[in-house]
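One file, model.cif, is given below (mmCIF, C-alpha atoms).
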```
data_protein
loop_
_atom_site.label_atom_id
_atom_site.label_comp_id
_atom_site.auth_asym_id
_atom_site.auth_seq_id
_atom_site.Cartn_x
_atom_site.Cartn_y
_atom_site.Cartn_z
CA MET A 1 25.58 -20.56 -59.01
CA THR A 2 22.01 -21.49 -59.94
CA PRO A 3 21.88 -23.03 -63.43
CA GLN A 4 19.70 -21.19 -65.91
CA PRO A 5 16.85 -23.19 -67.44
CA ARG A 6 17.34 -24.20 -71.06
CA ARG A 7 15.24 -22.16 -73.45
CA LEU A 8 13.07 -23.79 -76.06
CA ARG A 9 14.66 -24.06 -79.50
CA ILE A 10 12.06 -22.78 -81.93
CA ALA A 11 11.99 -23.01 -85.72
CA PHE A 12 9.83 -20.14 -87.01
CA LEU A 13 8.28 -21.38 -90.24
CA THR A 14 6.71 -19.06 -92.78
CA ALA A 15 7.33 -18.37 -96.45
CA ASN A 16 6.88 -14.65 -95.78
CA ASP A 17 9.62 -12.38 -94.51
CA PRO A 18 9.27 -12.58 -90.68
CA HIS A 19 11.26 -9.35 -90.26
CA ASP A 20 8.94 -7.29 -92.46
CA ARG A 21 6.58 -5.36 -90.18
CA ARG A 22 4.03 -5.20 -93.02
CA SER A 23 3.79 -8.99 -93.40
CA TRP A 24 0.40 -10.25 -92.20
CA SER A 25 -0.35 -6.81 -90.70
CA GLY A 26 2.87 -7.01 -88.70
CA LEU A 27 1.91 -10.27 -86.99
CA HIS A 28 4.83 -12.32 -88.29
CA TYR A 29 7.26 -9.77 -86.88
CA MET A 30 5.50 -9.33 -83.53
CA LEU A 31 5.03 -13.08 -83.03
CA GLY A 32 8.72 -13.72 -83.66
CA GLN A 33 9.84 -10.90 -81.37
CA THR A 34 7.51 -12.05 -78.59
CA LEU A 35 8.69 -15.65 -78.83
CA GLU A 36 12.30 -14.45 -78.58
CA LYS A 37 11.51 -12.28 -75.56
CA HIS A 38 9.41 -14.72 -73.56
CA VAL A 39 9.66 -18.26 -74.85
CA GLY A 40 12.94 -19.36 -76.42
CA ASP A 41 15.65 -19.10 -79.04
CA VAL A 42 14.10 -18.52 -82.44
CA GLU A 43 15.57 -19.40 -85.81
CA TYR A 44 13.71 -18.08 -88.85
CA LEU A 45 13.37 -20.51 -91.76
CA GLY A 46 11.86 -17.95 -94.17
CA PRO A 47 11.40 -16.14 -96.39
CA VAL A 48 10.90 -18.32 -99.44
CA SER A 49 10.28 -16.61 -102.76
CA LEU A 50 8.27 -18.28 -105.51
CA ARG A 51 7.76 -15.06 -107.45
CA TYR A 52 8.33 -16.60 -110.88
CA LEU A 53 5.79 -19.33 -110.21
CA PHE A 54 3.33 -16.78 -108.82
CA ALA A 55 3.86 -14.54 -111.86
CA LEU A 56 2.87 -17.51 -114.01
CA GLY A 57 -0.16 -18.01 -111.78
CA ASN A 58 -1.22 -14.41 -112.37
CA ARG A 59 -1.10 -14.94 -116.12
CA LEU A 60 -2.99 -18.20 -115.81
CA ASN A 61 -5.74 -16.50 -113.82
CA LYS A 62 -6.26 -13.93 -116.55
CA VAL A 63 -7.04 -16.75 -118.96
CA ILE A 64 -9.20 -18.58 -116.40
CA GLY A 65 -11.13 -15.42 -115.64
CA TRP A 66 -11.77 -14.80 -119.31
CA LEU A 67 -13.02 -18.37 -119.83
CA THR A 68 -15.14 -18.61 -116.67
CA GLY A 69 -16.60 -15.13 -116.33
CA GLY A 70 -14.30 -13.97 -113.55
CA LYS A 71 -13.54 -17.14 -111.56
CA ARG A 72 -10.04 -17.56 -110.14
CA TYR A 73 -7.65 -20.31 -109.11
CA HIS A 74 -5.88 -19.56 -105.83
CA TYR A 75 -2.46 -20.66 -107.03
CA SER A 76 -0.55 -19.46 -103.92
CA VAL A 77 -2.54 -21.96 -101.82
CA SER A 78 -2.46 -24.96 -104.11
CA LEU A 79 -1.27 -28.55 -104.03
CA LEU A 80 1.72 -27.74 -106.25
CA VAL A 81 2.89 -24.79 -104.15
CA SER A 82 2.31 -26.70 -100.91
CA ARG A 83 4.44 -29.61 -102.13
CA ILE A 84 7.22 -27.21 -103.15
CA TYR A 85 7.15 -25.54 -99.74
CA GLY A 86 7.27 -28.96 -98.10
CA LEU A 87 10.46 -29.84 -99.97
CA ILE A 88 12.14 -26.49 -99.30
CA PHE A 89 11.38 -26.36 -95.59
CA GLY A 90 12.09 -30.04 -95.21
CA ALA A 91 15.59 -29.40 -96.57
CA ARG A 92 16.09 -26.42 -94.25
CA LEU A 93 15.10 -28.53 -91.24
CA ARG A 94 17.11 -31.59 -92.18
CA GLY A 95 19.77 -32.41 -89.60
CA ARG A 96 18.70 -29.55 -87.33
CA ARG A 97 17.56 -29.91 -83.73
CA PHE A 98 14.54 -27.96 -82.57
CA ASP A 99 12.09 -28.51 -79.75
CA VAL A 100 9.16 -27.16 -81.72
CA ILE A 101 8.17 -25.64 -85.05
CA PHE A 102 6.08 -22.49 -84.74
CA ALA A 103 4.10 -21.92 -87.94
CA PRO A 104 1.99 -18.73 -88.13
CA ALA A 105 -0.71 -18.84 -90.84
CA ALA A 106 1.45 -21.40 -92.61
CA TYR A 107 -1.01 -24.12 -93.62
CA THR A 108 0.34 -24.14 -97.19
CA GLU A 109 3.90 -24.54 -95.92
CA LEU A 110 2.94 -27.30 -93.47
CA ALA A 111 0.61 -29.56 -95.45
CA TYR A 112 3.34 -31.60 -97.16
CA LEU A 113 6.18 -31.02 -94.70
CA ARG A 114 7.79 -34.22 -93.44
CA THR A 115 9.20 -33.86 -89.94
CA ASN A 116 9.15 -35.47 -86.51
CA ILE A 117 9.44 -32.12 -84.74
CA PRO A 118 6.24 -31.07 -82.92
CA ILE A 119 4.35 -28.32 -84.74
CA VAL A 120 2.45 -25.37 -83.26
CA TYR A 121 0.12 -23.86 -85.81
CA CYS A 122 -0.91 -20.27 -85.08
CA GLY A 123 -3.72 -18.47 -86.92
CA ASP A 124 -6.57 -16.00 -86.75
CA SER A 125 -9.06 -18.07 -88.77
CA THR A 126 -9.51 -21.26 -90.73
CA ILE A 127 -9.64 -21.30 -94.50
CA SER A 128 -13.27 -22.43 -94.53
CA GLN A 129 -14.19 -19.22 -92.68
CA LEU A 130 -12.43 -17.06 -95.25
CA ILE A 131 -13.79 -18.58 -98.45
CA ASP A 132 -16.41 -16.15 -99.80
CA TYR A 133 -15.89 -13.97 -96.68
CA TYR A 134 -12.77 -12.08 -97.77
CA ALA A 135 -12.58 -10.68 -101.29
CA GLY A 136 -9.25 -12.39 -101.90
CA LEU A 137 -10.89 -15.77 -101.29
CA SER A 138 -14.11 -15.12 -103.18
CA ASN A 139 -15.16 -16.11 -106.68
CA LEU A 140 -12.86 -19.14 -106.65
CA LEU A 141 -13.11 -22.18 -108.89
CA PRO A 142 -14.62 -25.21 -107.11
CA VAL A 143 -11.36 -27.12 -107.54
CA SER A 144 -9.50 -24.29 -105.82
CA LYS A 145 -11.90 -24.32 -102.86
CA ARG A 146 -11.39 -28.07 -102.50
CA GLU A 147 -7.60 -27.67 -102.57
CA LEU A 148 -7.64 -24.91 -99.96
CA THR A 149 -9.74 -26.99 -97.59
CA TYR A 150 -7.67 -30.13 -98.17
CA ILE A 151 -4.39 -28.28 -97.56
CA GLU A 152 -5.55 -26.83 -94.25
CA GLN A 153 -6.98 -30.18 -93.20
CA ARG A 154 -3.54 -31.75 -93.68
CA ALA A 155 -1.84 -28.91 -91.80
CA ILE A 156 -4.24 -29.11 -88.84
CA LYS A 157 -3.80 -32.87 -88.66
CA LYS A 158 0.00 -32.47 -88.51
CA ALA A 159 -0.05 -29.88 -85.71
CA SER A 160 0.45 -30.93 -82.09
CA LEU A 161 -1.04 -27.65 -80.91
CA LEU A 162 -3.39 -25.16 -82.59
CA LEU A 163 -3.16 -21.63 -81.24
CA PHE A 164 -5.87 -19.21 -82.41
CA SER A 165 -6.51 -15.55 -81.66
CA SER A 166 -10.26 -15.99 -81.13
CA ARG A 167 -12.91 -18.49 -80.09
CA TRP A 168 -14.51 -17.88 -83.50
CA ALA A 169 -11.49 -19.40 -85.24
CA ALA A 170 -10.93 -22.11 -82.64
CA GLN A 171 -14.51 -23.33 -82.94
CA SER A 172 -14.11 -23.71 -86.70
CA ALA A 173 -10.97 -25.82 -86.25
CA VAL A 174 -12.97 -28.19 -84.05
CA GLN A 175 -16.23 -28.25 -86.00
CA ASP A 176 -15.00 -27.95 -89.59
CA PHE A 177 -11.68 -29.80 -89.38
CA GLY A 178 -12.14 -32.23 -86.49
CA ALA A 179 -9.39 -30.82 -84.28
CA ALA A 180 -9.34 -32.15 -80.71
CA ARG A 181 -10.47 -29.48 -78.25
CA ARG A 182 -7.58 -30.30 -75.89
CA ASN A 183 -5.16 -29.26 -78.64
CA VAL A 184 -6.92 -25.99 -79.55
CA LEU A 185 -6.09 -22.95 -77.45
CA VAL A 186 -7.19 -19.31 -77.62
CA GLN A 187 -5.01 -16.27 -76.92
CA PRO A 188 -5.68 -12.89 -78.57
CA PHE A 189 -2.85 -11.06 -80.30
CA GLY A 190 -1.42 -7.75 -79.10
CA ALA A 191 -0.97 -4.32 -80.63
CA ASN A 192 1.51 -3.69 -83.43
CA MET A 193 3.27 -0.89 -81.56
CA ALA A 194 6.97 -0.28 -81.02
CA GLN A 195 6.25 1.45 -77.72
CA VAL A 196 3.19 2.07 -75.58
CA LEU A 197 2.48 5.50 -74.13
CA PRO A 198 1.91 5.65 -70.35
CA ARG A 199 -1.61 5.29 -68.96
CA ASP A 200 -1.58 8.84 -67.55
CA THR A 201 -0.71 10.24 -70.97
CA VAL A 202 -3.47 8.52 -72.93
CA LEU A 203 -6.16 9.02 -70.28
CA GLN A 204 -5.69 12.75 -69.88
CA PRO A 205 -9.00 14.65 -70.16
CA LYS A 206 -9.52 15.82 -73.73
CA ARG A 207 -13.23 16.58 -73.84
CA THR A 208 -14.33 19.31 -76.24
CA SER A 209 -17.61 20.16 -77.90
CA THR A 210 -16.48 18.27 -81.02
CA CYS A 211 -16.82 14.47 -81.32
CA HIS A 212 -13.62 13.28 -82.99
CA LEU A 213 -13.91 9.92 -84.79
CA LEU A 214 -10.89 8.00 -86.05
CA PHE A 215 -11.00 5.38 -88.83
CA VAL A 216 -7.79 3.43 -89.55
CA GLY A 217 -7.74 0.93 -92.41
CA VAL A 218 -6.19 0.36 -95.81
CA GLU A 219 -9.30 -1.14 -97.47
CA TRP A 220 -12.10 1.41 -97.75
CA GLY A 221 -14.73 -1.13 -98.78
CA ARG A 222 -13.96 -4.05 -96.46
CA LYS A 223 -13.36 -1.81 -93.46
CA GLY A 224 -16.73 -0.11 -93.87
CA GLY A 225 -15.52 3.34 -94.92
CA GLU A 226 -18.87 4.29 -96.42
CA ILE A 227 -20.66 3.54 -93.15
CA ALA A 228 -18.07 5.55 -91.21
CA PHE A 229 -18.79 8.49 -93.50
CA GLU A 230 -22.54 8.00 -92.99
CA THR A 231 -21.94 8.06 -89.23
CA LEU A 232 -20.27 11.46 -89.52
CA LEU A 233 -23.29 12.86 -91.37
CA GLU A 234 -25.83 11.25 -89.03
CA LEU A 235 -24.10 12.59 -85.92
CA ARG A 236 -24.21 16.08 -87.37
CA GLN A 237 -27.92 15.58 -88.13
CA LEU A 238 -28.33 14.76 -84.44
CA GLY A 239 -26.79 18.10 -83.52
CA ILE A 240 -23.33 16.84 -82.61
CA ASP A 241 -20.33 18.68 -84.05
CA ALA A 242 -18.61 15.53 -85.35
CA HIS A 243 -15.29 15.25 -87.19
CA LEU A 244 -13.98 12.13 -88.93
CA THR A 245 -10.31 11.40 -89.62
CA ILE A 246 -9.56 8.61 -92.09
CA CYS A 247 -6.06 7.16 -92.05
CA GLY A 248 -4.70 4.48 -94.37
CA CYS A 249 -6.81 4.92 -97.48
CA VAL A 250 -8.36 7.55 -99.72
CA PRO A 251 -12.17 7.56 -100.01
CA PRO A 252 -13.65 7.28 -103.52
CA THR A 253 -15.02 10.32 -105.30
CA GLY A 254 -18.19 11.62 -103.68
CA PHE A 255 -17.07 11.20 -100.07
CA GLU A 256 -16.05 14.74 -99.26
CA HIS A 257 -16.98 16.92 -96.31
CA GLU A 258 -15.51 19.94 -94.57
CA ASN A 259 -15.34 17.93 -91.33
CA LEU A 260 -13.52 15.03 -92.97
CA THR A 261 -9.72 14.76 -92.82
CA VAL A 262 -7.89 12.16 -94.91
CA VAL A 263 -4.38 10.94 -94.09
CA PRO A 264 -3.63 8.53 -96.97
CA PHE A 265 -0.86 6.52 -95.32
CA LEU A 266 1.45 6.53 -92.31
CA ASP A 267 4.38 4.11 -92.08
CA LYS A 268 4.75 2.70 -88.57
CA ASN A 269 8.38 1.87 -89.32
CA ASP A 270 9.16 5.59 -89.67
CA PRO A 271 9.47 7.17 -86.18
CA HIS A 272 8.10 10.52 -87.36
CA GLN A 273 5.08 8.95 -89.05
CA ARG A 274 4.53 6.66 -86.06
CA GLU A 275 4.42 9.79 -83.90
CA GLN A 276 1.87 11.30 -86.27
CA LEU A 277 -0.32 8.20 -85.92
CA ASP A 278 -0.02 8.37 -82.14
CA GLY A 279 -1.21 11.97 -82.38
CA LEU A 280 -4.32 10.88 -84.30
CA TYR A 281 -5.21 8.37 -81.59
CA LEU A 282 -4.57 10.89 -78.81
CA ALA A 283 -6.79 13.50 -80.48
CA ALA A 284 -9.71 11.12 -81.12
CA ASP A 285 -12.70 10.44 -78.87
CA PHE A 286 -13.78 7.19 -80.53
CA PHE A 287 -12.30 4.57 -82.84
CA LEU A 288 -14.79 3.76 -85.60
CA LEU A 289 -14.41 0.69 -87.82
CA PRO A 290 -17.69 -0.71 -89.24
CA THR A 291 -15.74 -3.54 -90.89
CA ARG A 292 -17.52 -6.00 -93.19
CA ALA A 293 -15.11 -8.91 -92.65
CA GLU A 294 -12.44 -9.34 -89.99
CA CYS A 295 -10.45 -12.12 -88.38
CA ALA A 296 -8.36 -10.31 -85.77
CA ALA A 297 -7.97 -6.59 -86.38
CA ILE A 298 -5.13 -5.77 -83.99
CA VAL A 299 -5.95 -2.12 -84.58
CA PHE A 300 -8.53 -2.61 -81.81
CA CYS A 301 -5.65 -3.46 -79.47
CA GLU A 302 -3.97 -0.22 -80.51
CA ALA A 303 -7.12 1.80 -79.91
CA SER A 304 -7.46 0.26 -76.46
CA ALA A 305 -3.82 1.08 -75.70
CA PHE A 306 -4.77 4.73 -76.21
CA GLY A 307 -7.86 4.37 -74.01
CA LEU A 308 -9.98 4.86 -77.09
CA PRO A 309 -13.40 3.13 -77.11
CA SER A 310 -14.15 1.23 -80.34
CA PHE A 311 -17.41 1.08 -82.27
CA THR A 312 -17.42 -1.77 -84.76
CA THR A 313 -19.47 -4.68 -86.09
CA ASP A 314 -20.02 -8.11 -84.61
CA THR A 315 -18.35 -10.22 -87.27
CA GLY A 316 -15.50 -12.72 -87.50
CA GLY A 317 -13.14 -12.79 -84.53
CA ILE A 318 -13.80 -9.23 -83.35
CA ALA A 319 -15.56 -10.34 -80.14
CA GLU A 320 -12.17 -11.45 -78.79
CA PHE A 321 -10.82 -7.91 -79.20
CA VAL A 322 -13.82 -5.68 -78.48
CA GLU A 323 -15.75 -6.60 -75.34
CA GLU A 324 -19.20 -5.11 -75.11
CA GLY A 325 -19.24 -2.17 -72.72
CA VAL A 326 -15.60 -2.69 -71.73
CA ASN A 327 -13.54 -1.27 -74.59
CA GLY A 328 -16.36 -0.51 -77.00
CA TYR A 329 -19.48 -1.83 -78.67
CA ARG A 330 -20.19 -4.27 -81.50
CA LEU A 331 -23.21 -3.50 -83.69
CA SER A 332 -25.01 -5.78 -86.10
CA LEU A 333 -23.40 -6.27 -89.49
CA ALA A 334 -26.59 -4.76 -90.92
CA ALA A 335 -26.09 -1.50 -88.97
CA ARG A 336 -25.53 1.64 -91.02
CA GLY A 337 -24.48 5.16 -90.12
CA ARG A 338 -27.77 5.93 -88.37
CA GLU A 339 -27.34 3.04 -85.93
CA PHE A 340 -23.68 3.85 -85.26
CA ALA A 341 -24.50 7.50 -84.63
CA ALA A 342 -27.32 6.50 -82.27
CA ALA A 343 -24.91 4.28 -80.31
CA ILE A 344 -22.13 6.90 -80.12
CA LYS A 345 -24.30 9.87 -79.16
CA PRO A 346 -25.31 8.85 -75.59
CA VAL A 347 -21.74 7.85 -74.71
CA PHE A 348 -20.33 11.12 -76.01
CA GLU A 349 -22.93 13.14 -74.11
CA ASP A 350 -22.28 11.36 -70.78
CA PRO A 351 -18.80 12.43 -69.53
CA ALA A 352 -18.82 9.99 -66.60
CA GLN A 353 -19.73 7.00 -68.78
CA TYR A 354 -17.19 8.05 -71.38
CA ALA A 355 -14.40 8.35 -68.80
CA ARG A 356 -15.19 4.88 -67.42
CA LEU A 357 -15.16 3.40 -70.92
CA CYS A 358 -11.79 5.00 -71.70
CA ALA A 359 -10.30 3.65 -68.46
CA SER A 360 -11.65 0.14 -68.99
CA SER A 361 -10.41 0.17 -72.60
CA ARG A 362 -6.88 0.83 -71.41
CA GLN A 363 -7.25 -1.73 -68.62
CA LEU A 364 -8.29 -4.44 -71.08
CA PHE A 365 -5.23 -3.62 -73.17
CA GLU A 366 -2.99 -3.95 -70.13
CA GLN A 367 -4.57 -7.23 -69.08
CA ARG A 368 -5.13 -9.11 -72.34
CA LEU A 369 -4.59 -7.19 -75.57
CA ASN A 370 -0.80 -6.87 -75.41
CA TRP A 371 2.08 -9.04 -76.55
CA ASP A 372 3.49 -9.65 -73.07
CA ALA A 373 0.19 -11.28 -72.07
CA TRP A 374 0.36 -13.41 -75.22
CA GLY A 375 3.98 -14.30 -74.48
CA TYR A 376 3.36 -15.29 -70.85
CA SER A 377 0.50 -17.61 -71.77
CA VAL A 378 2.23 -19.18 -74.76
CA LYS A 379 5.46 -19.69 -72.81
CA ARG A 380 3.63 -21.68 -70.17
CA VAL A 381 1.79 -23.78 -72.74
CA LEU A 382 4.83 -24.54 -74.90
CA GLU A 383 7.12 -25.35 -72.00
CA SER A 384 4.60 -27.64 -70.36
CA ARG A 385 3.97 -29.50 -73.61
CA PHE A 386 7.32 -29.54 -75.36
CA MET A 387 9.90 -29.17 -72.59
CA PRO A 388 8.36 -30.78 -69.48
CA ALA A 389 11.66 -30.92 -67.58
CA THR A 390 11.79 -27.14 -67.35
CA ALA A 391 8.15 -26.54 -66.51
CA SER A 392 9.16 -26.04 -62.85
CA PHE A 393 11.04 -22.91 -63.87
CA ALA A 394 7.86 -21.23 -65.12
CA PRO A 395 6.95 -18.15 -63.02
CA ARG A 396 3.71 -17.82 -61.14
CA TRP A 397 1.14 -16.20 -63.39
CA SER A 398 -1.42 -13.62 -62.35
CA ARG A 399 -5.09 -14.07 -63.20
CA THR A 400 -4.68 -11.67 -66.11
CA HIS A 401 -2.10 -14.01 -67.65
CA GLN A 402 -4.05 -17.24 -67.48
CA LEU A 403 -3.27 -20.29 -69.51
CA ALA A 404 -4.82 -19.71 -72.92
CA GLY A 405 -6.43 -23.14 -72.89
CA ASN A 406 -8.60 -22.18 -69.92
CA GLN A 407 -10.69 -19.99 -72.18
CA ASN A 408 -13.91 -21.62 -73.32
CA PHE A 409 -14.91 -21.57 -76.95
#
```

For the structure just supplied, provide its representation as structure tokens.
Amino acid sequence: MTPQPRRLRIAFLTANDPHDRRSWSGLHYMLGQTLEKHVGDVEYLGPVSLRYLFALGNRLNKVIGWLTGGKRYHYSVSLLVSRIYGLIFGARLRGRRFDVIFAPAAYTELAYLRTNIPIVYCGDSTISQLIDYYAGLSNLLPVSKRELTYIEQRAIKKASLLLFSSRWAAQSAVQDFGAARRNVLVQPFGANMAQVLPRDTVLQPKRTSTCHLLFVGVEWGRKGGEIAFETLLELRQLGIDAHLTICGCVPPTGFEHENLTVVPFLDKNDPHQREQLDGLYLAADFFLLPTRAECAAIVFCEASAFGLPSFTTDTGGIAEFVEEGVNGYRLSLAARGREFAAAIKPVFEDPAQYARLCASSRQLFEQRLNWDAWGYSVKRVLESRFMPATASFAPRWSRTHQLAGNQNF
């Protein structure tokens, strides 16, 4: 009987609940499930709750804001919290045997962790990219900015391997934090979907005289809701019978139109609501997300799974998920509804071009923007680096499942 190769023993380190499909847009859950399926035996070290300390931090920020005209201290990513995490996770690791620690977006947890176990840090950005880019990391006190940068610097220095979802993030790790290029790999995330509908189902002809736009996002402002609404109006000015469906948020007062449908929220964990969301994707012609700030919106992976071309902005790590002319188009961050409408109109009015774009969107999902592709690449990397004796058991990979490190950034 042929002996089975030993699987990697992986400690999954995050203070968040890794089984909560809402944590980090579902990434903690999907990363853990994919590691279990493709890479090794996973033991979850989280969650860790510091709710009383964070409640105190909220109260402290009210005083700080009053004294400084609105400035904040990012207490959840601070030296004190990082040291506490280091002690807690150090205790949970003590006396345990693991081949590797996998730490998704866990720079705060890692910075003061003492361990001899190799660490794989996984992220969709660096903290320097997010400061004053995301609202949650804007208007910070200078001391807080320094602490954030210092904490991630320590975490990056501790990691044996840095795994990012985009070249945008990987480049920052090298340029801003001095990471060695040989230790920085790029592999895009997959879609947060329990099941994927067959290619024949999603690519069925659905052309009508109406241009159906779909916007999915929980933050109206950051996701560019106003520009999506402008696009609806501009398309109609161009003579196209356009309809916009917004799912995940409710537009502010003043954004009403007879051709606008709002679905405030759909829970992917509920099978019935998941089916409703699938129906929205199937009914749409284009996915529209003029986002203002984005690291790795896996919603683009979902749109591609449905063969739905995406129109978005060229910001953050989006280029890794929306390839120009393959599964959509990226417009300038300065583009408004007029520019988006002008880009959508010729594609909508050319059935042959539209059909090709739908097919190539689905193909890109099948090749790169799915969790199996992520799992195959990461398995090969982790086994070759942290369990060399079993590298010979690794299967032969197709060109679509290349080693993540072969990607240039």

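Relative to CA of Ser310 (chain A), CA of Gly328 (chain A) is found at 4.4 Å.
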
Quiz prompt | Expected selection from the PyMOL selection byres ((chain A and resi 89-99) around 12), given as a VMD selection string | solution = chain A and resid 6 to 15 39 to 48 82 to 88 100 to 103 106 108 to 120 382 to 383 385 to 388

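Neighbouring residues of region 219-224 of chain A at 8 Å or closer, counting all atoms listed in the file and skipping chain neighbours under 6 positions away, are Gly248, Cys249, Val250, Pro251, Leu289, Pro290, Thr291, Arg292 and Ala293 of chain A.
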
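Picture a line from CA of Phe229 (chain A) to CA of Trp168 (chain A); it runs 28.5 Å.
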
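Across the chains present, the PyMOL selection byres ((chain A and resi 268) around 10) applied to this file returns Arg21, Arg22, Gly26, Asn192, Met193, Ala194, Phe265, Leu266, Asp267, Asn269, Asp270, Pro271, His272, Gln273, Arg274, Glu275, Gln276, Leu277 and Asp278 of chain A.
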
If you take only C-alpha atoms and a cut-off of 6 Å, which residues of region 210-293 of chain A touch region 335-343 of chain A, and what are their nearest atom pairs and distances in Å to one decimal, in chain and number order, as a tab-separated table?
```
residue	atom	partner	partner_atom	distance
A:Ile227	CA	A:Gly337	CA	5.1
A:Glu230	CA	A:Gly337	CA	4.5
A:Thr231	CA	A:Gly337	CA	4.0
A:Glu234	CA	A:Arg338	CA	5.7
A:Leu235	CA	A:Ala341	CA	5.3
```

Let me have the centre and edge lengths of the axis-aligned box enclosing all listed atoms of region 259-277 of chain A with 4 Å padding on every side, in Å to one decimal, as JSON.
```
{"center_x": -2.9, "center_y": 9.9, "center_z": -90.4, "size_x": 32.8, "size_y": 24.1, "size_z": 21.1}
```

Self-check item: Close residues, His212 (chain A) itself excluded, 12 Å, all atoms listed in the file, min 5 positions apart in chain, as a ChimeraX atom specification
Solution: /A:206-207,231-232,235-236,240-246,259-261,280-288,308-309,344-345,348
